[in-house]
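Structure data follow from protein_35.csv (CSV, C-alpha atoms):
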```csv
chain,number,residue,atom,x,y,z
F,1,MET,CA,-6.5,6.0,3.4
F,2,LEU,CA,-9.4,3.6,4.1
F,3,ARG,CA,-12.7,5.5,4.5
F,4,ALA,CA,-15.3,4.6,7.1
F,5,LYS,CA,-17.3,2.7,4.4
F,6,ASP,CA,-14.3,0.6,3.5
F,7,HIS,CA,-13.9,-0.3,7.2
F,8,LEU,CA,-17.5,-1.4,7.3
F,9,THR,CA,-17.0,-3.5,4.2
F,10,GLU,CA,-14.0,-5.1,5.7
F,11,GLN,CA,-16.0,-6.1,8.8
F,12,ILE,CA,-18.7,-7.7,6.6
F,13,ILE,CA,-16.2,-9.5,4.4
F,14,GLN,CA,-14.4,-10.8,7.5
F,15,ALA,CA,-17.7,-12.1,8.8
F,16,LEU,CA,-18.4,-13.9,5.5
F,17,SER,CA,-15.0,-15.6,5.9
F,18,SER,CA,-15.4,-16.6,9.5
F,19,ASP,CA,-19.0,-16.4,10.8
F,20,GLY,CA,-21.7,-18.9,10.2
F,21,LYS,CA,-24.1,-16.2,9.0
F,22,VAL,CA,-23.3,-16.1,5.3
F,23,PRO,CA,-26.9,-16.8,4.0
F,24,GLU,CA,-28.3,-14.1,6.3
F,25,ILE,CA,-25.6,-11.6,5.4
F,26,ILE,CA,-26.2,-12.1,1.6
F,27,GLU,CA,-30.0,-11.8,2.1
F,28,ARG,CA,-29.6,-8.5,3.9
F,29,LEU,CA,-27.3,-7.2,1.2
F,30,LYS,CA,-29.9,-8.2,-1.4
F,31,ASN,CA,-32.5,-6.3,0.6
F,32,ASP,CA,-30.3,-3.2,0.3
F,33,GLU,CA,-29.7,-2.9,4.1
F,34,THR,CA,-27.0,-0.4,4.9
F,35,TYR,CA,-23.5,-1.6,5.8
F,36,GLU,CA,-23.9,0.2,9.2
F,37,ALA,CA,-27.1,-1.9,9.9
F,38,ILE,CA,-25.5,-5.1,8.9
F,39,VAL,CA,-22.4,-4.5,11.0
F,40,GLU,CA,-24.6,-3.6,14.0
F,41,TRP,CA,-26.6,-6.8,13.5
F,42,LEU,CA,-23.4,-8.7,13.5
F,43,GLY,CA,-22.7,-7.4,16.9
F,44,ARG,CA,-19.8,-5.2,15.9
F,45,SER,CA,-19.3,-1.5,16.4
F,46,PRO,CA,-20.2,0.5,13.3
F,47,VAL,CA,-18.6,3.6,14.7
F,48,VAL,CA,-15.2,4.1,13.2
F,49,GLU,CA,-12.9,7.1,12.5
F,50,GLU,CA,-13.4,8.9,9.2
F,51,THR,CA,-10.1,7.6,8.0
F,52,VAL,CA,-8.1,4.6,9.1
F,53,SER,CA,-4.5,4.1,7.8
F,54,PRO,CA,-3.1,0.6,7.4
F,55,ARG,CA,0.1,2.0,9.0
F,56,GLU,CA,-1.9,2.5,12.2
F,57,SER,CA,-3.6,-0.9,12.3
F,58,GLN,CA,-3.6,-2.5,15.7
F,59,HIS,CA,-5.0,-5.9,14.7
F,60,SER,CA,-2.0,-7.3,12.8
F,61,THR,CA,-1.1,-10.9,13.6
F,62,PHE,CA,2.4,-10.2,12.2
F,63,GLU,CA,5.2,-8.6,14.1
F,64,ALA,CA,8.8,-8.9,12.9
F,65,SER,CA,10.1,-9.5,16.3
F,66,ASP,CA,7.6,-12.3,17.0
F,67,HIS,CA,9.1,-14.3,14.1
F,68,GLU,CA,12.6,-12.9,14.3
F,69,MET,CA,12.4,-11.8,10.6
F,70,ASP,CA,15.9,-11.5,9.2
F,71,GLY,CA,16.2,-8.0,7.9
F,72,SER,CA,19.4,-8.5,5.9
F,73,ILE,CA,19.7,-7.7,2.3
F,74,SER,CA,20.9,-11.2,1.5
F,75,THR,CA,17.8,-12.8,3.0
F,76,ALA,CA,15.4,-10.4,1.2
F,77,PHE,CA,17.3,-10.9,-2.1
F,78,ARG,CA,16.8,-14.6,-1.8
F,79,TRP,CA,13.1,-14.1,-2.3
F,80,THR,CA,12.9,-11.1,-4.6
F,81,SER,CA,15.1,-9.1,-7.0
F,82,VAL,CA,12.5,-6.3,-7.3
F,83,THR,CA,13.9,-4.2,-4.6
F,84,LEU,CA,16.8,-4.2,-2.2
F,85,ASP,CA,15.1,-1.6,0.1
F,86,VAL,CA,14.7,-3.8,3.1
F,87,ALA,CA,12.8,-1.3,5.1
F,88,ALA,CA,10.2,-1.0,2.3
F,89,PHE,CA,10.2,-4.7,1.9
F,90,HIS,CA,9.3,-5.4,5.5
F,91,HIS,CA,6.8,-2.5,5.6
F,92,LEU,CA,4.9,-4.3,2.8
F,93,PHE,CA,5.0,-7.5,4.9
F,94,GLN,CA,3.5,-5.6,7.8
F,95,LEU,CA,0.7,-4.3,5.6
F,96,TYR,CA,-0.1,-7.7,4.2
F,97,PHE,CA,-0.3,-9.4,7.6
F,98,ALA,CA,-2.3,-6.5,9.1
F,99,TRP,CA,-4.9,-6.1,6.4
F,100,VAL,CA,-5.1,-9.2,4.2
F,101,HIS,CA,-4.0,-12.3,6.2
F,102,PRO,CA,-6.6,-12.0,9.0
F,103,VAL,CA,-9.5,-11.9,6.4
F,104,HIS,CA,-8.0,-14.0,3.6
F,105,THR,CA,-5.8,-16.7,5.3
F,106,LEU,CA,-4.3,-18.3,2.2
F,107,PHE,CA,-1.3,-20.0,3.9
F,108,SER,CA,0.2,-20.8,7.3
F,109,GLU,CA,1.8,-17.6,8.6
F,110,GLY,CA,4.1,-19.5,10.9
F,111,HIS,CA,5.3,-22.0,8.3
F,112,PHE,CA,5.8,-19.2,5.8
F,113,VAL,CA,7.9,-17.1,8.1
F,114,GLU,CA,10.0,-20.1,9.2
F,115,SER,CA,10.7,-21.0,5.5
F,116,TYR,CA,11.5,-17.3,4.8
F,117,GLN,CA,13.9,-17.2,7.7
F,118,HIS,CA,15.7,-20.4,6.8
F,119,GLN,CA,15.6,-19.7,3.0
F,120,SER,CA,13.6,-22.9,2.6
F,121,ALA,CA,11.3,-23.5,-0.4
F,122,ASN,CA,8.9,-25.6,1.6
F,123,TYR,CA,6.4,-22.9,2.4
F,124,CYS,CA,7.9,-19.8,0.8
F,125,SER,CA,8.9,-18.9,-2.7
F,126,PRO,CA,9.8,-15.8,-4.8
F,127,LEU,CA,6.4,-16.1,-6.5
F,128,LEU,CA,4.5,-15.9,-3.2
F,129,VAL,CA,6.7,-13.2,-1.8
F,130,ASN,CA,6.4,-11.0,-4.9
F,131,ALA,CA,2.6,-11.5,-5.0
F,132,ILE,CA,2.3,-10.6,-1.3
F,133,CYS,CA,4.3,-7.4,-1.9
F,134,ALA,CA,2.3,-6.5,-5.0
F,135,LEU,CA,-0.9,-6.6,-3.0
F,136,ALA,CA,0.6,-4.8,-0.1
F,137,CYS,CA,1.8,-1.9,-2.3
F,138,HIS,CA,-1.9,-1.3,-3.1
F,139,LEU,CA,-2.6,-1.0,0.6
F,140,HIS,CA,0.2,1.6,1.3
F,141,SER,CA,-1.1,5.0,2.2
F,142,ALA,CA,0.8,7.6,0.1
F,143,ALA,CA,2.5,10.4,2.0
F,144,ASP,CA,4.5,13.4,1.0
F,145,THR,CA,7.5,12.0,3.0
F,146,ASP,CA,7.5,8.7,1.0
F,147,GLU,CA,10.9,8.0,-0.5
F,148,VAL,CA,9.5,5.0,-2.4
F,149,ASP,CA,7.0,5.1,-5.3
F,150,TYR,CA,4.8,2.3,-4.0
F,151,GLU,CA,2.5,2.4,-7.0
F,152,HIS,CA,5.4,1.8,-9.4
F,153,LEU,CA,6.9,-0.8,-7.0
F,154,GLY,CA,3.6,-2.6,-7.0
F,155,THR,CA,3.6,-2.8,-10.8
F,156,ASP,CA,7.2,-4.2,-10.7
F,157,PHE,CA,6.2,-6.9,-8.1
F,158,SER,CA,3.2,-7.9,-10.2
F,159,ASP,CA,5.3,-8.1,-13.4
F,160,ALA,CA,7.8,-10.3,-11.6
F,161,VAL,CA,5.1,-12.7,-10.6
F,162,LYS,CA,3.5,-12.8,-14.0
F,163,ALA,CA,6.8,-13.5,-15.7
F,164,GLU,CA,7.2,-16.7,-13.6
F,165,LEU,CA,3.7,-18.0,-13.1
F,166,ASP,CA,3.1,-21.4,-14.6
F,167,PRO,CA,-0.5,-22.6,-14.8
F,168,ASP,CA,0.7,-26.3,-14.6
F,169,ASP,CA,2.7,-25.7,-11.4
F,170,THR,CA,1.0,-27.6,-8.6
F,171,SER,CA,3.4,-26.6,-5.8
F,172,ILE,CA,1.5,-25.3,-2.8
F,173,THR,CA,3.3,-21.9,-2.8
F,174,SER,CA,2.5,-21.4,-6.5
F,175,ILE,CA,-1.2,-22.0,-5.8
F,176,GLN,CA,-1.0,-19.6,-3.0
F,177,ALA,CA,0.6,-17.0,-5.2
F,178,PHE,CA,-2.2,-17.5,-7.8
F,179,ALA,CA,-4.7,-16.9,-5.0
F,180,VAL,CA,-3.0,-13.7,-3.9
F,181,MET,CA,-2.8,-12.5,-7.4
F,182,PHE,CA,-6.6,-12.9,-7.6
F,183,LEU,CA,-6.7,-10.2,-4.9
F,184,VAL,CA,-4.2,-8.1,-6.6
F,185,GLU,CA,-6.2,-8.0,-9.8
F,186,CYS,CA,-9.4,-7.4,-7.9
F,187,SER,CA,-7.8,-4.4,-6.3
F,188,HIS,CA,-7.1,-3.0,-9.8
F,189,ALA,CA,-10.6,-3.9,-11.0
F,190,ASN,CA,-9.3,-6.5,-13.5
F,191,GLY,CA,-12.2,-8.9,-12.9
F,192,LEU,CA,-11.5,-11.3,-15.9
F,193,ARG,CA,-7.8,-11.7,-15.1
F,194,ALA,CA,-8.6,-12.1,-11.4
F,195,ALA,CA,-11.1,-14.8,-12.2
F,196,SER,CA,-8.6,-16.7,-14.3
F,197,TYR,CA,-6.0,-16.7,-11.4
F,198,LEU,CA,-8.7,-18.0,-8.9
F,199,ARG,CA,-9.8,-20.7,-11.4
F,200,ILE,CA,-6.2,-22.0,-11.8
F,201,ALA,CA,-5.6,-22.0,-8.1
F,202,THR,CA,-8.9,-23.8,-7.4
F,203,ASP,CA,-8.2,-26.4,-10.1
F,204,ASN,CA,-4.6,-27.0,-9.1
F,205,ILE,CA,-5.3,-27.4,-5.3
F,206,SER,CA,-6.9,-30.8,-6.0
F,207,ARG,CA,-3.8,-31.9,-7.9
F,208,VAL,CA,-1.3,-31.2,-5.1
F,209,PRO,CA,0.6,-34.3,-4.0
F,210,LEU,CA,-0.4,-34.8,-0.4
F,211,LEU,CA,2.3,-35.3,2.2
F,212,ASP,CA,2.0,-37.2,5.4
F,213,ASP,CA,3.4,-34.2,7.4
F,214,GLU,CA,1.5,-32.1,10.0
F,215,GLY,CA,3.1,-28.9,8.7
F,216,PHE,CA,2.0,-29.6,5.1
F,217,LYS,CA,-1.5,-30.6,6.3
F,218,GLU,CA,-1.8,-27.3,8.1
F,219,ALA,CA,-0.6,-25.2,5.1
F,220,TRP,CA,-2.7,-27.2,2.6
F,221,GLY,CA,-5.8,-26.9,4.9
F,222,ASN,CA,-5.3,-23.1,5.1
F,223,THR,CA,-5.1,-22.8,1.4
F,224,VAL,CA,-8.2,-25.0,0.7
F,225,ARG,CA,-10.3,-22.9,3.2
F,226,GLY,CA,-8.9,-19.7,1.8
F,227,LEU,CA,-9.8,-20.6,-1.8
F,228,ASP,CA,-13.3,-21.7,-0.7
F,229,ASN,CA,-13.7,-18.2,0.9
F,230,LEU,CA,-12.5,-16.5,-2.2
F,231,ASN,CA,-14.9,-18.5,-4.4
F,232,ALA,CA,-17.7,-17.6,-2.0
F,233,LEU,CA,-16.7,-14.0,-2.4
F,234,VAL,CA,-16.9,-14.1,-6.1
F,235,ALA,CA,-20.5,-15.4,-5.8
F,236,LEU,CA,-21.5,-12.2,-3.9
F,237,PRO,CA,-23.3,-9.3,-5.5
F,238,PRO,CA,-20.9,-7.3,-7.8
F,239,PHE,CA,-21.0,-4.2,-5.6
F,240,ILE,CA,-19.3,-6.1,-2.8
F,241,ILE,CA,-16.6,-7.5,-5.1
F,242,ALA,CA,-15.9,-4.0,-6.3
F,243,GLN,CA,-15.3,-2.7,-2.8
F,244,ASN,CA,-13.1,-5.6,-1.6
```
What is this structure when it is put down as structure tokens?
Amino acid sequence: MLRAKDHLTEQIIQALSSDGKVPEIIERLKNDETYEAIVEWLGRSPVVEETVSPRESQHSTFEASDHEMDGSISTAFRWTSVTLDVAAFHHLFQLYFAWVHPVHTLFSEGHFVESYQHQSANYCSPLLVNAICALACHLHSAADTDEVDYEHLGTDFSDAVKAELDPDDTSITSIQAFAVMFLVECSHANGLRAASYLRIATDNISRVPLLDDEGFKEAWGNTVRGLDNLNALVALPPFIIAQN
């Protein structure tokens, strides 16, 4: 469950990613203004339910039907060998695109889904899929009816990514996977490891061979802006990083 304070933090972080008020927000944080006051100043409603579950999120940009996600085992297995539970797999996608992608847009959702569907390596890869699922496992709200141990599954997804990560790989999807893994390690309070992932992604994005293709330009632009936002996030006071 996400507590009310977490919801307020999410709104502030989203503002930092998209609004032109970063200096003012940081100054208010340094002056120890309450999160409620900052959210109200941003013109957003500080009134939220005591608990908000990612399962009930209504602001997801991702719907399986919108992109005609193929739910077959063969398609899922093309991208990961961690699990063949297709229902759990797509539940994790829903969580990621509901709670992470709107705030930290690290790749083009449309191009990612198209490559996923057609089993193309242009904008999708096992590394990126496993990283997405590793982070989404952390967002899952545990319930007594769960048939899947998402905490253990998250560890398996993370291990699958770490086994294949190559710091010298300058493919766009690998850089995106490093960026997502920064968020994974932040979620587990592993600051040093998180910083190393972000540093590699930031260094490698400048080494990506640029293609004269509109789809690539869009994907590359999303990643550049996403990395800029993550680096801005790292520069925030430590108590904000801890709650992200």
Quiz item: Looking at all atoms listed in the file, which of F:Asn231, F:Asn222, F:Ser125, F:Ser187 is the one that sits closest to Asp203 of chain F?
Solution: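 Going through F:Asn231, F:Asn222, F:Ser125, F:Ser187 one by one, the smallest distance to Asp203 of chain F is for F:Asn231.
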Quiz prompt | Nearest residue to Glu218 of chain F from the set F:Ile172, F:His101, F:Leu135, F:Phe89 (distances using only C-alpha atoms) | solution = F:Ile172
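We find atom CA of His152 of chain F and atom CA of His188 of chain F to be spaced 13.4 Å apart.
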Quiz item: Using all atoms listed in the file, which residue out of F:Phe157, F:Tyr197, F:Phe182, F:Phe216 lies closest to Leu92 of chain F?
Solution: F:Phe157
Quiz prompt | Shell of 9 Å around Asp156 of chain F, all atoms listed in the file, local chain residues under 5 positions omitted, as a ChimeraX atom specification | solution = /F:82,130,134,151,161
Self-check item: atom CA of Ile175 of chain F to atom CA of Val113 of chain F, distance in Å rounded to a single decimal
Solution: 17.3 Å
Practice problem: In Å, rounded to a single decimal, give me how far atom CA of Val148 of chain F is from atom CA of Asp85 of chain F. | Solution: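 Answer for the atom CA of Asp85 of chain F to atom CA of Val148 of chain F separation: 9.0 Å.
In this comparison, which uses all atoms listed in the file, the residue of F:Ser171, F:Leu139, F:Ile132, F:Arg78 approaching Leu210 of chain F most closely is F:Ser171.
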Exercise. Find, counting only C-alpha atoms, the residue in F:Val129, F:Leu153, F:Ala163, F:Leu227 that gets nearest to Ala88 of chain F.
Key: F:Leu153
Quiz item: Can you tell me, as a PyMOL selection string, what residues are no more than 9 Å from Arg225 of chain F when counting all atoms listed in the file, ignoring any on the same chain fewer than 4 positions away?
Solution: chain F and resi 105-106+220-221+229-230
Could you write those residues out with C-alpha atoms, as a JSON list (two decimals), in the coordinates of the input?
```json
[["chain", "number", "residue", "atom", "x", "y", "z"],
["F", 105, "THR", "CA", -5.80, -16.70, 5.30],
["F", 106, "LEU", "CA", -4.30, -18.30, 2.20],
["F", 220, "TRP", "CA", -2.70, -27.20, 2.60],
["F", 221, "GLY", "CA", -5.80, -26.90, 4.90],
["F", 229, "ASN", "CA", -13.70, -18.20, 0.90],
["F", 230, "LEU", "CA", -12.50, -16.50, -2.20]]
```
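Nearest to Cys133 of chain F of all the residues F:Leu165, F:Val180, F:Val103, F:Leu198 is F:Val180, based on only C-alpha atoms.
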